[in-house]
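S.K.: Sharing entry04.json, JSON, C-alpha atoms and all ligand atoms:
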```json
[["chain", "number", "residue", "atom", "x", "y", "z"],
["A", 293, "MET", "CA", 3.69, 21.94, 9.46],
["A", 294, "GLU", "CA", 6.80, 20.50, 11.06],
["A", 295, "VAL", "CA", 9.20, 18.09, 9.39],
["A", 296, "ILE", "CA", 10.78, 15.68, 11.85],
["A", 297, "SER", "CA", 13.62, 13.33, 11.11],
["A", 298, "SER", "CA", 14.72, 12.35, 14.60],
["A", 299, "ILE", "CA", 13.26, 9.39, 16.45],
["A", 300, "GLU", "CA", 13.69, 11.07, 19.81],
["A", 301, "GLU", "CA", 11.78, 14.12, 18.65],
["A", 302, "ILE", "CA", 8.83, 12.23, 17.13],
["A", 303, "GLN", "CA", 8.60, 10.12, 20.30],
["A", 304, "GLN", "CA", 8.46, 13.20, 22.53],
["A", 305, "ILE", "CA", 5.79, 14.79, 20.36],
["A", 306, "THR", "CA", 3.52, 11.77, 20.00],
["A", 307, "LEU", "CA", 3.85, 10.77, 23.69],
["A", 308, "GLN", "CA", 2.80, 14.28, 24.67],
["A", 309, "PHE", "CA", -0.23, 14.12, 22.35],
["A", 310, "GLU", "CA", -1.12, 10.75, 23.79],
["A", 311, "ARG", "CA", -0.95, 12.14, 27.36],
["A", 312, "GLU", "CA", -3.26, 14.96, 26.28],
["A", 313, "GLY", "CA", -5.75, 12.41, 24.91],
["A", 314, "LYS", "CA", -5.31, 13.65, 21.32],
["A", 315, "LYS", "CA", -6.22, 11.32, 18.46],
["A", 316, "ILE", "CA", -3.43, 10.89, 15.95],
["A", 317, "GLY", "CA", -4.25, 10.04, 12.34],
["A", 318, "PHE", "CA", -1.36, 8.52, 10.41],
["A", 319, "VAL", "CA", -0.63, 7.85, 6.75],
["A", 320, "PRO", "CA", 2.56, 5.84, 6.10],
["A", 321, "THR", "CA", 4.07, 6.50, 2.67],
["A", 322, "MET", "CA", 7.25, 6.09, 0.68],
["A", 323, "GLY", "CA", 6.80, 9.57, -0.74],
["A", 324, "PHE", "CA", 6.35, 10.72, -4.35],
["A", 325, "LEU", "CA", 2.84, 11.51, -3.18],
["A", 326, "HIS", "CA", -0.18, 11.29, -5.48],
["A", 327, "GLU", "CA", -3.93, 11.66, -5.13],
["A", 328, "GLY", "CA", -4.15, 8.16, -3.62],
["A", 329, "HIS", "CA", -2.02, 9.21, -0.64],
["A", 330, "LEU", "CA", -3.74, 12.56, -0.34],
["A", 331, "SER", "CA", -7.17, 10.94, -0.36],
["A", 332, "LEU", "CA", -6.00, 8.90, 2.66],
["A", 333, "VAL", "CA", -5.02, 12.12, 4.46],
["A", 334, "GLU", "CA", -8.47, 13.53, 3.75],
["A", 335, "LEU", "CA", -10.14, 10.30, 4.84],
["A", 336, "ILE", "CA", -8.82, 10.53, 8.41],
["A", 337, "ARG", "CA", -8.75, 14.30, 8.79],
["A", 338, "GLU", "CA", -12.20, 14.52, 10.37],
["A", 339, "ARG", "CA", -11.59, 11.95, 13.07],
["A", 340, "SER", "CA", -8.04, 13.03, 13.95],
["A", 341, "ASP", "CA", -6.77, 15.89, 16.13],
["A", 342, "ILE", "CA", -3.29, 15.57, 14.66],
["A", 343, "LEU", "CA", -2.29, 14.37, 11.19],
["A", 344, "ILE", "CA", 1.08, 12.71, 10.63],
["A", 345, "VAL", "CA", 2.40, 11.52, 7.26],
["A", 346, "SER", "CA", 5.60, 9.49, 7.15],
["A", 347, "ILE", "CA", 7.85, 9.64, 4.10],
["A", 348, "PHE", "CA", 10.44, 6.91, 4.10],
["A", 349, "VAL", "CA", 11.60, 4.72, 1.23],
["A", 350, "ASN", "CA", 11.99, 1.53, 3.20],
["A", 351, "PRO", "CA", 14.97, -0.52, 1.96],
["A", 352, "THR", "CA", 13.95, -3.75, 3.70],
["A", 353, "GLN", "CA", 10.82, -4.17, 1.57],
["A", 354, "PHE", "CA", 12.80, -4.17, -1.69],
["A", 355, "GLY", "CA", 14.40, -7.43, -2.81],
["A", 356, "ALA", "CA", 17.77, -7.77, -4.51],
["A", 357, "GLY", "CA", 17.54, -6.42, -8.07],
["A", 358, "GLU", "CA", 14.33, -4.47, -7.38],
["A", 359, "ASP", "CA", 13.91, -0.74, -7.87],
["A", 360, "LEU", "CA", 15.08, 0.68, -4.50],
["A", 361, "GLY", "CA", 17.79, 2.84, -6.09],
["A", 362, "LYS", "CA", 15.42, 4.09, -8.80],
["A", 363, "TYR", "CA", 12.33, 4.57, -6.62],
["A", 364, "PRO", "CA", 10.95, 8.02, -7.50],
["A", 365, "ARG", "CA", 11.63, 10.74, -4.92],
["A", 366, "ASP", "CA", 10.75, 14.42, -4.70],
["A", 367, "MET", "CA", 10.82, 15.63, -1.13],
["A", 368, "GLU", "CA", 10.18, 19.30, -1.94],
["A", 369, "ARG", "CA", 7.05, 18.49, -3.88],
["A", 370, "ASP", "CA", 5.89, 16.02, -1.20],
["A", 371, "LEU", "CA", 6.32, 18.61, 1.54],
["A", 372, "SER", "CA", 4.44, 21.25, -0.39],
["A", 373, "LEU", "CA", 1.55, 18.80, -1.00],
["A", 374, "CYS", "CA", 1.50, 17.94, 2.71],
["A", 375, "ARG", "CA", 1.43, 21.66, 3.59],
["A", 376, "LYS", "CA", -1.41, 22.19, 1.13],
["A", 377, "HIS", "CA", -3.35, 19.34, 2.75],
["A", 378, "LYS", "CA", -2.78, 20.75, 6.23],
["A", 379, "VAL", "CA", -0.72, 17.85, 7.54],
["A", 380, "ASP", "CA", 0.63, 18.70, 11.01],
["A", 381, "TYR", "CA", 3.83, 16.62, 10.97],
["A", 382, "VAL", "CA", 5.85, 14.89, 8.30],
["A", 383, "PHE", "CA", 8.08, 12.21, 9.78],
["A", 384, "SER", "CA", 10.94, 11.53, 7.42],
["A", 385, "PRO", "CA", 13.81, 9.72, 9.13],
["A", 386, "SER", "CA", 17.05, 8.59, 7.53],
["A", 387, "THR", "CA", 17.69, 4.90, 6.93],
["A", 388, "GLU", "CA", 20.44, 4.97, 9.59],
["A", 389, "GLU", "CA", 18.00, 6.41, 12.12],
["A", 390, "ILE", "CA", 15.37, 3.74, 11.47],
["A", 391, "TYR", "CA", 17.72, 0.79, 11.04],
["A", 392, "PRO", "CA", 20.59, 1.28, 13.47],
["A", 393, "LYS", "CA", 23.84, -0.57, 12.77],
["A", 394, "PHE", "CA", 23.52, -4.28, 13.60],
["A", 395, "ALA", "CA", 19.72, -4.06, 13.89],
["A", 396, "SER", "CA", 18.57, -7.67, 13.99],
["A", 397, "THR", "CA", 14.90, -7.51, 14.94],
["A", 398, "TYR", "CA", 12.19, -7.96, 12.33],
["A", 399, "VAL", "CA", 8.44, -8.46, 12.38],
["A", 400, "SER", "CA", 6.89, -11.00, 10.04],
["A", 401, "GLU", "CA", 3.35, -12.12, 9.34],
["A", 402, "GLU", "CA", 3.34, -15.70, 8.18],
["A", 403, "MET", "CA", -0.07, -16.53, 6.78],
["A", 404, "VAL", "CA", -1.54, -13.95, 4.44],
["A", 405, "SER", "CA", 1.94, -12.82, 3.32],
["A", 406, "ASP", "CA", 2.51, -16.20, 1.79],
["A", 407, "GLY", "CA", 1.13, -16.23, -1.79],
["A", 408, "LEU", "CA", 0.59, -13.62, -4.54],
["A", 409, "CYS", "CA", 3.10, -10.75, -4.07],
["A", 410, "GLY", "CA", 4.70, -12.67, -1.20],
["A", 411, "HIS", "CA", 5.54, -15.44, -3.63],
["A", 412, "ALA", "CA", 7.05, -13.13, -6.22],
["A", 413, "ARG", "CA", 8.77, -10.94, -3.60],
["A", 414, "PRO", "CA", 9.61, -13.30, -0.72],
["A", 415, "THR", "CA", 11.12, -10.70, 1.62],
["A", 416, "HIS", "CA", 8.76, -7.85, 0.78],
["A", 417, "PHE", "CA", 6.07, -8.18, 3.44],
["A", 418, "LYS", "CA", 8.59, -8.79, 6.22],
["A", 419, "GLY", "CA", 10.06, -5.41, 5.31],
["A", 420, "VAL", "CA", 6.60, -3.82, 5.28],
["A", 421, "THR", "CA", 5.56, -5.24, 8.66],
["A", 422, "THR", "CA", 8.91, -4.35, 10.21],
["A", 423, "ILE", "CA", 8.82, -0.73, 9.08],
["A", 424, "CYS", "CA", 5.14, -0.31, 9.94],
["A", 425, "ALA", "CA", 5.65, -1.78, 13.44],
["A", 426, "LYS", "CA", 8.47, 0.76, 13.94],
["A", 427, "LEU", "CA", 6.39, 3.63, 12.55],
["A", 428, "PHE", "CA", 3.36, 2.69, 14.65],
["A", 429, "ASN", "CA", 5.54, 2.59, 17.79],
["A", 430, "LEU", "CA", 6.97, 6.00, 16.98],
["A", 431, "CYS", "CA", 3.89, 7.81, 15.65],
["A", 432, "ARG", "CA", 1.41, 6.21, 18.09],
["A", 433, "PRO", "CA", -1.59, 6.58, 15.77],
["A", 434, "THR", "CA", -5.20, 6.10, 16.82],
["A", 435, "PHE", "CA", -6.10, 5.70, 13.14],
["A", 436, "VAL", "CA", -3.98, 4.54, 10.26],
["A", 437, "ALA", "CA", -5.23, 5.07, 6.71],
["A", 438, "LEU", "CA", -4.26, 2.39, 4.19],
["A", 439, "GLY", "CA", -5.26, 2.00, 0.55],
["A", 440, "GLN", "CA", -7.30, -0.84, -0.94],
["A", 441, "LYS", "CA", -4.98, -0.69, -3.95],
["A", 442, "ASP", "CA", -2.37, -2.65, -1.96],
["A", 443, "ALA", "CA", -4.93, -5.31, -1.04],
["A", 444, "GLN", "CA", -2.50, -7.91, 0.28],
["A", 445, "GLN", "CA", -0.43, -5.35, 2.21],
["A", 446, "LEU", "CA", -3.67, -4.11, 3.76],
["A", 447, "VAL", "CA", -4.59, -7.57, 5.04],
["A", 448, "VAL", "CA", -1.04, -8.28, 6.23],
["A", 449, "LEU", "CA", -0.98, -5.03, 8.21],
["A", 450, "LYS", "CA", -4.46, -5.62, 9.65],
["A", 451, "ARG", "CA", -3.23, -9.02, 10.87],
["A", 452, "MET", "CA", -0.10, -7.54, 12.38],
["A", 453, "ILE", "CA", -2.09, -4.84, 14.16],
["A", 454, "ARG", "CA", -4.47, -7.47, 15.55],
["A", 455, "ASP", "CA", -1.83, -10.06, 16.44],
["A", 456, "LEU", "CA", 0.56, -7.60, 18.10],
["A", 457, "HIS", "CA", -2.25, -5.70, 19.87],
["A", 458, "PHE", "CA", -1.51, -2.30, 18.43],
["A", 459, "PRO", "CA", -4.39, -0.07, 19.63],
["A", 460, "ILE", "CA", -4.94, 1.23, 16.10],
["A", 461, "GLU", "CA", -8.05, 1.39, 13.95],
["A", 462, "VAL", "CA", -7.44, 0.82, 10.24],
["A", 463, "ILE", "CA", -9.35, 3.09, 7.87],
["A", 464, "VAL", "CA", -9.35, 1.80, 4.30],
["A", 465, "GLY", "CA", -9.31, 4.19, 1.36],
["A", 466, "PRO", "CA", -10.69, 3.12, -2.02],
["A", 467, "THR", "CA", -8.32, 2.84, -4.98],
["A", 468, "VAL", "CA", -7.88, 6.18, -6.70],
["A", 469, "ARG", "CA", -7.57, 5.91, -10.48],
["A", 470, "GLU", "CA", -6.29, 8.06, -13.33],
["A", 471, "ALA", "CA", -8.96, 9.23, -15.80],
["A", 472, "ASP", "CA", -8.19, 6.21, -18.02],
["A", 473, "GLY", "CA", -8.60, 3.74, -15.14],
["A", 474, "LEU", "CA", -4.96, 3.11, -14.22],
["A", 475, "ALA", "CA", -4.66, 2.78, -10.44],
["A", 476, "LYS", "CA", -2.59, 5.64, -9.01],
["A", 477, "SER", "CA", 0.87, 4.55, -7.97],
["A", 478, "SER", "CA", 4.20, 6.31, -7.52],
["A", 479, "ARG", "CA", 5.61, 3.79, -10.00],
["A", 480, "ASN", "CA", 3.27, 5.07, -12.77],
["A", 481, "SER", "CA", 5.80, 7.83, -13.35],
["A", 482, "TYR", "CA", 8.11, 5.19, -14.86],
["A", 483, "ILE", "CA", 5.59, 4.02, -17.48],
["A", 484, "LYS", "CA", 6.66, 5.08, -20.96],
["A", 485, "ALA", "CA", 3.98, 6.53, -23.24],
["A", 486, "GLU", "CA", 4.26, 3.56, -25.61],
["A", 487, "HIS", "CA", 3.50, 1.14, -22.75],
["A", 488, "ARG", "CA", 0.54, 2.99, -21.27],
["A", 489, "LYS", "CA", -1.92, 0.94, -23.35],
["A", 490, "ASP", "CA", -0.56, -2.26, -21.83],
["A", 491, "ALA", "CA", -0.64, -0.83, -18.31],
["A", 492, "LEU", "CA", -4.35, -0.11, -18.78],
["A", 493, "LEU", "CA", -4.99, -3.81, -19.43],
["A", 494, "LEU", "CA", -4.92, -4.49, -15.69],
["A", 495, "TYR", "CA", -7.97, -2.32, -15.13],
["A", 496, "GLN", "CA", -9.64, -3.54, -18.32],
["A", 497, "ALA", "CA", -9.15, -7.17, -17.27],
["A", 498, "LEU", "CA", -10.59, -6.47, -13.81],
["A", 499, "GLU", "CA", -13.61, -4.71, -15.33],
["A", 500, "ALA", "CA", -14.19, -7.61, -17.73],
["A", 501, "GLY", "CA", -13.91, -10.11, -14.86],
["A", 502, "ARG", "CA", -16.33, -8.11, -12.78],
["A", 503, "ALA", "CA", -18.80, -7.95, -15.67],
["A", 504, "LEU", "CA", -18.72, -11.76, -16.02],
["A", 505, "VAL", "CA", -19.55, -12.07, -12.33],
["A", 506, "ASN", "CA", -22.06, -9.23, -12.01],
["A", 507, "GLU", "CA", -23.79, -9.30, -15.38],
["A", 508, "ASN", "CA", -23.49, -12.96, -16.42],
["A", 509, "GLY", "CA", -23.86, -14.34, -12.90],
["A", 510, "ILE", "CA", -20.77, -16.55, -13.20],
["A", 511, "ARG", "CA", -19.56, -17.95, -9.87],
["A", 512, "ASP", "CA", -17.02, -20.49, -11.12],
["A", 513, "VAL", "CA", -13.52, -19.01, -10.82],
["A", 514, "ASP", "CA", -11.99, -20.71, -13.88],
["A", 515, "PRO", "CA", -13.78, -18.80, -16.68],
["A", 516, "VAL", "CA", -13.24, -15.51, -14.85],
["A", 517, "LYS", "CA", -9.56, -16.23, -14.34],
["A", 518, "SER", "CA", -9.20, -17.21, -18.01],
["A", 519, "GLU", "CA", -10.85, -13.95, -19.04],
["A", 520, "LEU", "CA", -8.39, -11.92, -16.91],
["A", 521, "ILE", "CA", -5.41, -13.78, -18.33],
["A", 522, "SER", "CA", -6.53, -13.65, -21.95],
["A", 523, "ILE", "CA", -7.00, -9.87, -21.75],
["A", 524, "LEU", "CA", -3.63, -9.37, -20.04],
["A", 525, "GLN", "CA", -1.89, -11.53, -22.63],
["A", 526, "THR", "CA", -2.86, -9.13, -25.41],
["A", 527, "GLY", "CA", -0.23, -6.70, -24.05],
["A", 528, "HIS", "CA", 3.07, -6.98, -25.94],
["A", 529, "SER", "CA", 5.13, -5.41, -23.17],
["A", 530, "LEU", "CA", 3.12, -7.09, -20.39],
["A", 531, "LYS", "CA", 4.12, -10.19, -18.46],
["A", 532, "VAL", "CA", 1.56, -11.62, -16.05],
["A", 533, "ASN", "CA", 2.82, -12.39, -12.55],
["A", 534, "TYR", "CA", -0.56, -13.55, -11.24],
["A", 535, "ALA", "CA", -4.23, -13.06, -11.98],
["A", 536, "ASP", "CA", -6.42, -14.70, -9.41],
["A", 537, "ILE", "CA", -9.60, -14.69, -7.38],
["A", 538, "VAL", "CA", -8.93, -14.81, -3.66],
["A", 539, "ASP", "CA", -10.70, -14.37, -0.37],
["A", 540, "ARG", "CA", -10.31, -10.74, 0.68],
["A", 541, "GLU", "CA", -9.43, -11.61, 4.30],
["A", 542, "THR", "CA", -7.12, -14.60, 3.82],
["A", 543, "MET", "CA", -5.74, -13.85, 0.34],
["A", 544, "LYS", "CA", -6.10, -17.58, -0.45],
["A", 545, "PRO", "CA", -7.48, -18.71, -3.84],
["A", 546, "GLU", "CA", -11.22, -19.26, -3.97],
["A", 547, "SER", "CA", -12.83, -22.28, -5.64],
["A", 548, "GLU", "CA", -16.11, -20.43, -6.05],
["A", 549, "ILE", "CA", -16.83, -16.71, -6.16],
["A", 550, "GLU", "CA", -18.54, -15.38, -3.07],
["A", 551, "MET", "CA", -19.99, -11.89, -3.38],
["A", 552, "GLY", "CA", -18.72, -9.64, -0.59],
["A", 553, "ARG", "CA", -15.69, -11.88, 0.04],
["A", 554, "SER", "CA", -13.98, -12.58, -3.25],
["A", 555, "ILE", "CA", -11.55, -10.20, -4.85],
["A", 556, "LEU", "CA", -10.04, -10.15, -8.34],
["A", 557, "ILE", "CA", -6.34, -9.50, -8.01],
["A", 558, "ILE", "CA", -3.58, -8.97, -10.58],
["A", 559, "ALA", "CA", 0.15, -8.31, -10.68],
["A", 560, "ALA", "CA", 2.01, -7.83, -13.94],
["A", 561, "TRP", "CA", 5.20, -6.35, -15.28],
["A", 562, "VAL", "CA", 4.71, -3.76, -17.97],
["A", 563, "ASP", "CA", 8.12, -3.34, -19.54],
["A", 564, "LYS", "CA", 10.16, -3.57, -16.30],
["A", 565, "ILE", "CA", 7.59, -1.97, -14.03],
["A", 566, "ARG", "CA", 5.65, -4.15, -11.65],
["A", 567, "LEU", "CA", 2.02, -3.03, -11.36],
["A", 568, "ILE", "CA", -0.71, -4.38, -9.09],
["A", 569, "ASP", "CA", -4.44, -3.82, -9.03],
["A", 570, "ASN", "CA", -7.55, -5.46, -7.63],
["A", 571, "MET", "CA", -11.32, -5.23, -7.57],
["A", 572, "LEU", "CA", -13.72, -6.28, -4.83],
["A", 573, "LEU", "CA", -16.69, -8.36, -5.94],
["A", 574, "GLY", "CA", -20.01, -7.49, -4.41],
["B", 1, "LIG", "O1", 2.48, 1.22, 0.75],
["B", 1, "LIG", "C1", 3.58, 1.78, 0.96],
["B", 1, "LIG", "O2", 3.88, 2.85, 0.46],
["B", 1, "LIG", "C2", 4.60, 1.09, 1.87],
["B", 1, "LIG", "O3", 4.58, -0.29, 1.70],
["B", 1, "LIG", "C3", 4.44, 1.47, 3.35],
["B", 1, "LIG", "C4", 3.14, 0.99, 3.93],
["B", 1, "LIG", "C5", 4.56, 2.98, 3.49],
["B", 1, "LIG", "C6", 5.57, 0.84, 4.16],
["B", 1, "LIG", "O4", 6.82, 1.26, 3.72]]
```
How does this structure look as structure tokens?

M.R.:
Amino acid sequence: MEVISSIEEIQQITLQFEREGKKIGFVPTMGFLHEGHLSLVELIRERSDILIVSIFVNPTQFGAGEDLGKYPRDMERDLSLCRKHKVDYVFSPSTEEIYPKFASTYVSEEMVSDGLCGHARPTHFKGVTTICAKLFNLCRPTFVALGQKDAQQLVVLKRMIRDLHFPIEVIVGPTVREADGLAKSSRNSYIKAEHRKDALLLYQALEAGRALVNENGIRDVDPVKSELISILQTGHSLKVNYADIVDRETMKPESEIEMGRSILIIAAWVDKIRLIDNMLLG
């Protein structure tokens, strides 16, 4: 496995693979890798000749007062996990390399980025689309693996790939959960033991919402939404950001649940940690 930090070097490597007709599989990450990331590596291994993982904590997707400075990092551990999973290249540039002085070009998606996390974190998705456009240009993937856990990010990036004509196929990995149901996230490492019970309420609320839809046949969004919120509100250290039922392609609120299209989606702060989770219906 090679670790590359220079833009020039990654460009030379990926251009050469492209000339040779090799298929590049790519997993963009901010490091502090967990089973969710590694499942994405495994998901595209079969179809890819070359596997690239990027590790870059992207400052432009963090708002003022968010956790950029505290974002968990452990490069040695990340590299050893990548080696274990037979990744060919880790691309891990410095911030200065990716955002040269006076950089003034950004990429923004302006429809599905709008509500939900985009409302709570108004500059977040612009940072995500900008960094992913850069990484796609540099890593030249045939396939990019993205997780369903970040449902809105997934749709935003699919839109960007379509709208900007990146010749990339998106492969979606299911949410990987801890044994108790908590969706895997690098931020889980911040959760204090005494707040774990509250963090689990996200999954419990989603399961209860799904049961109302699947087992009780409810299609009206209001009782399902109320159920999500009333479960979340039992958490003493939990503050709901949103709990909604949206269309999985547009991320806009639904008036009626449509199996195969609707998605239950939640964001909440547990203590000071912002957690997100979602569940597809049907
Ligand atoms: O999901 C993430 O870890 C990040 O948002 C991504 C896609 C790597 C961009 O920085």

S.K.: Have a look at A:Lys517, A:His487, A:Arg479, A:Arg432 and name the one nearest to Asp359 (chain A); count all atoms listed in the file.

M.R.: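 That would be A:Arg479, the residue with the smallest distance to Asp359 (chain A).
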
S.K.: Which residues, written as a ChimeraX atom specification, have at least one atom at most 12 Å from Tyr495 (chain A), with all atoms listed in the file counted and residues fewer than 3 positions away on the same chain left out?

M.R.: /A:441,467-476,488-492,498-502,520,523-524,535,556-560,567-571

S.K.: Could you save those same residues with C-alpha atoms as a short mmCIF file (atom, residue, chain, number, x, y, z; two decimals), in the frame of the given file?

M.R.:
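Below is the file that was written, again-v9.cif:
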```cif
data_model
loop_
_atom_site.label_atom_id
_atom_site.label_comp_id
_atom_site.auth_asym_id
_atom_site.auth_seq_id
_atom_site.Cartn_x
_atom_site.Cartn_y
_atom_site.Cartn_z
CA LYS A 441 -4.98 -0.69 -3.95
CA THR A 467 -8.32 2.84 -4.98
CA VAL A 468 -7.88 6.18 -6.70
CA ARG A 469 -7.57 5.91 -10.48
CA GLU A 470 -6.29 8.06 -13.33
CA ALA A 471 -8.96 9.23 -15.80
CA ASP A 472 -8.19 6.21 -18.02
CA GLY A 473 -8.60 3.74 -15.14
CA LEU A 474 -4.96 3.11 -14.22
CA ALA A 475 -4.66 2.78 -10.44
CA LYS A 476 -2.59 5.64 -9.01
CA ARG A 488 0.54 2.99 -21.27
CA LYS A 489 -1.92 0.94 -23.35
CA ASP A 490 -0.56 -2.26 -21.83
CA ALA A 491 -0.64 -0.83 -18.31
CA LEU A 492 -4.35 -0.11 -18.78
CA LEU A 498 -10.59 -6.47 -13.81
CA GLU A 499 -13.61 -4.71 -15.33
CA ALA A 500 -14.19 -7.61 -17.73
CA GLY A 501 -13.91 -10.11 -14.86
CA ARG A 502 -16.33 -8.11 -12.78
CA LEU A 520 -8.39 -11.92 -16.91
CA ILE A 523 -7.00 -9.87 -21.75
CA LEU A 524 -3.63 -9.37 -20.04
CA ALA A 535 -4.23 -13.06 -11.98
CA LEU A 556 -10.04 -10.15 -8.34
CA ILE A 557 -6.34 -9.50 -8.01
CA ILE A 558 -3.58 -8.97 -10.58
CA ALA A 559 0.15 -8.31 -10.68
CA ALA A 560 2.01 -7.83 -13.94
CA LEU A 567 2.02 -3.03 -11.36
CA ILE A 568 -0.71 -4.38 -9.09
CA ASP A 569 -4.44 -3.82 -9.03
CA ASN A 570 -7.55 -5.46 -7.63
CA MET A 571 -11.32 -5.23 -7.57
#
```

S.K.: Given all atoms listed in the file, how would the per-residue table for chain A near ligand LIG 1 (chain B) read, listing every residue at most 9 Å away with its closest atom pair and distance in Å to one decimal, sorted by chain and number, as CSV?

M.R.:
```
residue,atom,partner,partner_atom,distance
A:Val319,CA,B:LIG1,C5,7.8
A:Pro320,CA,B:LIG1,C5,4.4
A:Thr321,CA,B:LIG1,C5,3.6
A:Met322,CA,B:LIG1,O2,4.7
A:Gly323,CA,B:LIG1,O2,7.4
A:His329,CA,B:LIG1,O2,8.7
A:Ser346,CA,B:LIG1,C5,7.5
A:Ile347,CA,B:LIG1,C5,7.5
A:Phe348,CA,B:LIG1,O4,6.7
A:Val349,CA,B:LIG1,O4,6.4
A:Asn350,CA,B:LIG1,O4,5.2
A:Pro351,CA,B:LIG1,O4,8.5
A:Thr352,CA,B:LIG1,O4,8.7
A:Gln353,CA,B:LIG1,O4,7.1
A:His416,CA,B:LIG1,O3,8.7
A:Phe417,CA,B:LIG1,O3,8.2
A:Gly419,CA,B:LIG1,O4,7.6
A:Val420,CA,B:LIG1,C6,4.9
A:Thr421,CA,B:LIG1,C6,7.6
A:Thr422,CA,B:LIG1,C6,8.6
A:Ile423,CA,B:LIG1,O4,6.1
A:Cys424,CA,B:LIG1,C6,5.9
A:Leu427,CA,B:LIG1,C6,8.9
A:Leu438,CA,B:LIG1,C4,7.5
A:Gly439,CA,B:LIG1,O1,7.8
A:Asp442,CA,B:LIG1,O1,6.8
A:Gln445,CA,B:LIG1,O3,7.1
A:Leu446,CA,B:LIG1,C4,8.5
A:Leu449,CA,B:LIG1,C4,8.5
A:Ser478,CA,B:LIG1,O2,8.7
```

S.K.: Mind checking which residues fall within 12 Å of Ile316 (chain A), counting all atoms listed in the file, ignoring those fewer than 4 positions away in the same chain, and posting them as a PyMOL selection string?

M.R.: chain A and resi 305-312+333+336-345+379-381+428+430-437+459-461

S.K.: Using only C-alpha atoms, which of A:Glu358, A:Glu507, A:Glu402, A:Glu334 sits nearest Lys564 (chain A)?

M.R.: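 For Lys564 (chain A), the nearest of the candidates is A:Glu358.
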
S.K.: To test the calculation: enclose all listed atoms of region 515-526 of chain A in a box whose edges run along x, y and z, add 3 Å on each side, then state centre and edge lengths in Å to one decimal, as JSON.

M.R.:
```
{"center_x": -7.8, "center_y": -14.0, "center_z": -19.9, "size_x": 17.9, "size_y": 15.7, "size_z": 17.1}
```

S.K.: CA of Met543 (chain A) to CA of Ser481 (chain A): how many Å, to one decimal?

M.R.: 28.1 Å

S.K.: Please, what distance in Å, to one decimal, runs between CA of His326 (chain A) and CA of Lys418 (chain A)?

M.R.: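 Computing the Euclidean distance for CA of His326 (chain A) and CA of Lys418 (chain A) yields 24.8 Å.
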
S.K.: So which one's closest to Lys544 (chain A), A:Asn429, A:Ser405, A:Ser384, A:Thr415? Using all atoms listed in the file, please.

M.R.: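 Of A:Asn429, A:Ser405, A:Ser384, A:Thr415, the one nearest Lys544 (chain A) is A:Ser405, counting all atoms listed in the file.
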
S.K.: For CA of Ser396 (chain A) and CA of Ile299 (chain A), quote the distance in Å rounded to one decimal.

M.R.: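 Straight-line distance from CA of Ser396 (chain A) to CA of Ile299 (chain A) works out to 18.0 Å.
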
S.K.: With only C-alpha atoms as the atoms that count, which of A:Ile565, A:Val464, A:Ile453, A:Val538 lies nearest to Leu408 (chain A)?

M.R.: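 The shortest atom-to-atom distance to Leu408 (chain A) comes from A:Val538.
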
S.K.: Mind completing region 357-365 of chain A with N, CA, C and O atoms? Output as a PDB file, in the coordinates of the input, please?

M.R.:
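Okay, this is what ended up in out39.pdb:
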```
ATOM      1  N   GLY A 357      17.878  -6.626  -6.650  1.00  0.00           N
ATOM      2  CA  GLY A 357      17.540  -6.420  -8.070  1.00  0.00           C
ATOM      3  C   GLY A 357      16.236  -5.670  -8.270  1.00  0.00           C
ATOM      4  O   GLY A 357      15.816  -5.454  -9.410  1.00  0.00           O
ATOM      5  N   GLU A 358      15.554  -5.278  -7.207  1.00  0.00           N
ATOM      6  CA  GLU A 358      14.330  -4.470  -7.380  1.00  0.00           C
ATOM      7  C   GLU A 358      14.709  -2.994  -7.484  1.00  0.00           C
ATOM      8  O   GLU A 358      15.885  -2.640  -7.536  1.00  0.00           O
ATOM      9  N   ASP A 359      13.667  -2.131  -7.467  1.00  0.00           N
ATOM     10  CA  ASP A 359      13.910  -0.740  -7.870  1.00  0.00           C
ATOM     11  C   ASP A 359      14.193   0.242  -6.731  1.00  0.00           C
ATOM     12  O   ASP A 359      13.898   1.431  -6.867  1.00  0.00           O
ATOM     13  N   LEU A 360      14.805  -0.235  -5.626  1.00  0.00           N
ATOM     14  CA  LEU A 360      15.080   0.680  -4.500  1.00  0.00           C
ATOM     15  C   LEU A 360      15.846   1.932  -4.945  1.00  0.00           C
ATOM     16  O   LEU A 360      15.443   3.055  -4.650  1.00  0.00           O
ATOM     17  N   GLY A 361      16.940   1.707  -5.680  1.00  0.00           N
ATOM     18  CA  GLY A 361      17.790   2.840  -6.090  1.00  0.00           C
ATOM     19  C   GLY A 361      17.052   3.796  -7.016  1.00  0.00           C
ATOM     20  O   GLY A 361      17.345   4.987  -7.051  1.00  0.00           O
ATOM     21  N   LYS A 362      16.095   3.258  -7.788  1.00  0.00           N
ATOM     22  CA  LYS A 362      15.420   4.090  -8.800  1.00  0.00           C
ATOM     23  C   LYS A 362      14.056   4.585  -8.320  1.00  0.00           C
ATOM     24  O   LYS A 362      13.328   5.232  -9.076  1.00  0.00           O
ATOM     25  N   TYR A 363      13.676   4.204  -7.086  1.00  0.00           N
ATOM     26  CA  TYR A 363      12.330   4.570  -6.620  1.00  0.00           C
ATOM     27  C   TYR A 363      12.174   6.088  -6.694  1.00  0.00           C
ATOM     28  O   TYR A 363      13.046   6.828  -6.245  1.00  0.00           O
ATOM     29  N   PRO A 364      11.059   6.570  -7.282  1.00  0.00           N
ATOM     30  CA  PRO A 364      10.950   8.020  -7.500  1.00  0.00           C
ATOM     31  C   PRO A 364      10.891   8.811  -6.178  1.00  0.00           C
ATOM     32  O   PRO A 364      10.246   8.378  -5.228  1.00  0.00           O
ATOM     33  N   ARG A 365      11.597   9.912  -6.130  1.00  0.00           N
ATOM     34  CA  ARG A 365      11.630  10.740  -4.920  1.00  0.00           C
ATOM     35  C   ARG A 365      11.532  12.210  -5.311  1.00  0.00           C
ATOM     36  O   ARG A 365      12.117  12.622  -6.300  1.00  0.00           O
TER      37      ARG A 365
END
```
